[in-house]
Amino acid sequence: MRIAFILDKFPSVSETFILNQITGLIDRGYDIDIYADWVQDPDETHPDVINYGLLNQARYVSRHRFVRVCQKITLLFQGVFKSPAILSQLSFFFQPYRFLESFRIFYSAAPFFQKKVSYDIIHCHFGQNGLKGALLRRAGAIRGKLVTTFHGFDISGYIDQHGRRIYNPLFSNGDLFLPISEKWRNKLVELGCNENKVLVHRMGVDCDKFAFSPRKRNLNDSITIVTIARLVEKKGVEYGIKAIAKTVKNHKKLQYIIIGGGPLLKAMRRLIRSLRMEDSIKLIGRKRQQEIIEILHKSHILIAPSVTGRDGDQEGTPVSLMEAMATGIPVVSTHHSGINELVENGVTGFLVPERDIDSLADRIFYLIAHPDICLQMGLAARGHIENYFNIDRLNNRLTEIYKELLEQA
């Protein structure tokens with residue numbers, strides 16, 4: 001089976017869930033090609049990218065932005081000149097109320113226009129790339145069953161920005177839609193997608209890499225709490241910092257480690273200084289997966305205080321929560337997006353309302369004060385990940401989904 005993955009960037013440090021899917025399919029004997037708009041800093045490349053030789057299977061226009069822009073404009077005109085049929089699709093794809101976004105997608109699809117490639121499956125991650133795939137297939141530049149996975153921003157903030165009809169061309173041309181949660185499944189149907197084409201398929205983690213270790217400790221032991229997140233608004237890290245500042249008043253032996261970089265890094269540093277929490281809260285930047293695993297095994301609680309951004313942007317189902325739960329860490333998070341489908345409140349962790357600092361601090365301190373509950377929750381969390389978010393099982397199911405789709409007329 002030949003499968004094309006259409007992505008924004010590859011490899012991406014923050015999208016190991018896509019990498020796990022790709023390597024899992026390769027392990028099962030499938031022929032994979034990766035089409036991406038740009039490549040991330042190679043110094044941050046995940047080891048599996050090298051081990052599987054994936055950079056050799058990835059197609060880029062160029063790794064340099066200026067060159068990429070020039071090449072895309074050239075390819076766009078050459079593609080239209082060679083295949084005038086492309087222009088006949090514009091009346092279908094372009095609509096006045098979203099002209100600029102339509103042009104952006106048309107422009108980003110330029111590298112395909114000179115090619116005529118065939119696959120069994122064209123798997124697009126994120127709805128924007130699904131639109132690109134729909135345009136390419138309508139123009140005859142690529143052939144195959146069109147599958148789109150919806151994650152978070154693409155089904156929340158993106159729709160707020162571009163309108164509820166933005167995905168109409170994809171809904172009418174796509175073969176299968178794989179939202180990562182029931183919440184997003186319901187949203188797709190609400191937007192007008194044929195419910196018979198929608199199937200929840202979750203992202204997962206490698207339970208062998210994120211091995212379980214019980215968190216045994218005494219009541220007066222020091223505590224390490226961790227957050228793994230890109231520093232953007234929807235991750236809600238500022239609320240985690242404020243909740244820890246409250247918690248430290250009741251438990252002095254506490255260290256809060258925040259892993260990740262992003263546009264809010266300076267703002268988070270200022271917040272920590274303003275709260276005089278420099279000794280207890282550490283921003284340690286981005287880390288490689290093996291370093292993250294080592295930190296997780298030394299930590300006792302993970303907090304993920306996700307919120308809905310002012311632009312409507314929401315999480316999908318944070319992989320950092322899955323990774324922590326797989327290692328046996330109880331988690332404290334929020335009633336947000338698909339997190340309710342990952343964390344069972346009071347069983348595998350605690351959930352609190354978004355932006356509720358007092359409730360967040362209360363649940364953190366409860367776990368600090370009850371080591372036995374932490375141990376029970378950690379065991380339950382590991383079992384839940386093994387049963388429902390195990391990437392090996394999910395990849396087996398994905399291959400079944402592909403086969404069932406190809407058997408359809």
# chains A, B, ... in the order shown; residues from 1 in each chain; ligands from 1

$ residues_around --residues "range 220-237 of chain A" --least-positions-apart "3" --cutoff "8 Å" --atoms "only C-alpha atoms" --output "PyMOL selection string"
chain A and resi 14+217+240-241+253-265+268+296+298-309+313-315+320+355+368

$ closest_atom_pairs --of "range 139-251 of chain A" --to "range 358-366 of chain A" --cutoff "9 Å" --atoms "only C-alpha atoms" --output "CSV"
residue,atom,partner,partner_atom,distance
A:Tyr239,CA,A:Leu360,CA,8.2
A:Gly240,CA,A:Leu360,CA,7.6
A:Lys242,CA,A:Ala361,CA,8.3
A:Ala243,CA,A:Ala361,CA,4.6
A:Ile244,CA,A:Ala361,CA,6.4
A:Ala245,CA,A:Ala361,CA,8.5
A:Lys246,CA,A:Ala361,CA,6.4
A:Thr247,CA,A:Ala361,CA,5.8
A:Asn250,CA,A:Phe365,CA,7.9
A:His251,CA,A:Phe365,CA,8.0

$ write_last_selection --atoms "C-alpha atoms" --output "PDB file, in the first residue's frame"
ATOM      1  CA  TYR A 239      -2.297  29.583  35.450  1.00  0.00           C
ATOM      2  CA  GLY A 240      -0.019  26.706  36.374  1.00  0.00           C
ATOM      3  CA  LYS A 242       0.077  31.093  39.660  1.00  0.00           C
ATOM      4  CA  ALA A 243      -1.336  27.882  41.138  1.00  0.00           C
ATOM      5  CA  ILE A 244       2.137  26.684  42.117  1.00  0.00           C
ATOM      6  CA  ALA A 245       2.833  30.043  43.765  1.00  0.00           C
ATOM      7  CA  LYS A 246      -0.201  29.384  45.993  1.00  0.00           C
ATOM      8  CA  THR A 247       0.801  25.771  46.631  1.00  0.00           C
ATOM      9  CA  ASN A 250       1.762  25.107  52.076  1.00  0.00           C
ATOM     10  CA  HIS A 251       4.589  22.895  50.857  1.00  0.00           C
TER      11      HIS A 251
END

$ closest_residue --among "A:Cys207, A:Leu135, A:Leu176, A:Ile272" --to "Glu195 in chain A" --atoms "only C-alpha atoms"
A:Leu176

$ residues_around --residues "Glu386 in chain A" --least-positions-apart "3" --cutoff "10 Å" --atoms "only C-alpha atoms" --output "ChimeraX atom specification"
/A:204-207,322,325-326,381-383,389-393

$ closest_residue --among "A:Arg143, A:Val332, A:Ile22, A:Lys116" --to "Glu344 in chain A" --atoms "only C-alpha atoms"
A:Val332

$ closest_residue --among "A:Lys282, A:Lys287, A:His201, A:Lys266" --to "Leu394 in chain A" --atoms "only C-alpha atoms"
A:His201

$ atom_distance --atom1 "CA of Gln161 in chain A" --atom2 "CA of Ser333 in chain A"
26.6 Å

$ closest_residue --among "A:Tyr35, A:Ala4, A:Leu25, A:Leu54" --to "Ser118 in chain A" --atoms "only C-alpha atoms"
A:Ala4

$ residues_around --residues "range 122-132 of chain A" --least-positions-apart "3" --cutoff "6 Å" --atoms "only C-alpha atoms" --output "VMD selection string"
chain A and resid 3 to 7 105 135 144 to 150 154 170

$ atom_distance --atom1 "CA of Lys209 in chain A" --atom2 "CA of Pro318 in chain A"
17.3 Å

$ atom_distance --atom1 "CA of Thr23 in chain A" --atom2 "CA of Gly53 in chain A"
10.3 Å

$ residues_around --residues "Gly349 in chain A" --least-positions-apart "6" --cutoff "7 Å" --atoms "only C-alpha atoms" --output "VMD selection string"
chain A and resid 330 to 332 343 377

$ write_last_selection --atoms "N, CA and C atoms" --output "short mmCIF file (atom, residue, chain, number, x, y, z; two decimals), in the first residue's frame"
data_model
loop_
_atom_site.label_atom_id
_atom_site.label_comp_id
_atom_site.auth_asym_id
_atom_site.auth_seq_id
_atom_site.Cartn_x
_atom_site.Cartn_y
_atom_site.Cartn_z
N PRO A 330 0.17 10.89 38.17
CA PRO A 330 -1.17 11.48 38.20
C PRO A 330 -1.11 12.88 37.61
N VAL A 331 -2.18 13.30 36.96
CA VAL A 331 -2.18 14.59 36.26
C VAL A 331 -3.30 15.48 36.78
N VAL A 332 -3.06 16.78 36.67
CA VAL A 332 -4.08 17.78 36.96
C VAL A 332 -4.22 18.62 35.70
N VAL A 343 -8.58 11.98 30.48
CA VAL A 343 -8.44 11.94 31.94
C VAL A 343 -9.80 11.71 32.58
N MET A 377 -3.77 6.54 41.39
CA MET A 377 -4.08 7.23 40.13
C MET A 377 -3.06 6.90 39.05
#

$ closest_residue --among "A:Arg2, A:Arg185, A:Lys197, A:His162" --to "Gln408 in chain A" --atoms "only C-alpha atoms"
A:Lys197

$ select_by_dssp --residues "range 237-407 of chain A" --states "strand (DSSP E)" --output "ChimeraX atom specification"
/A:254-259,281-285,301-304,331-334,349-352
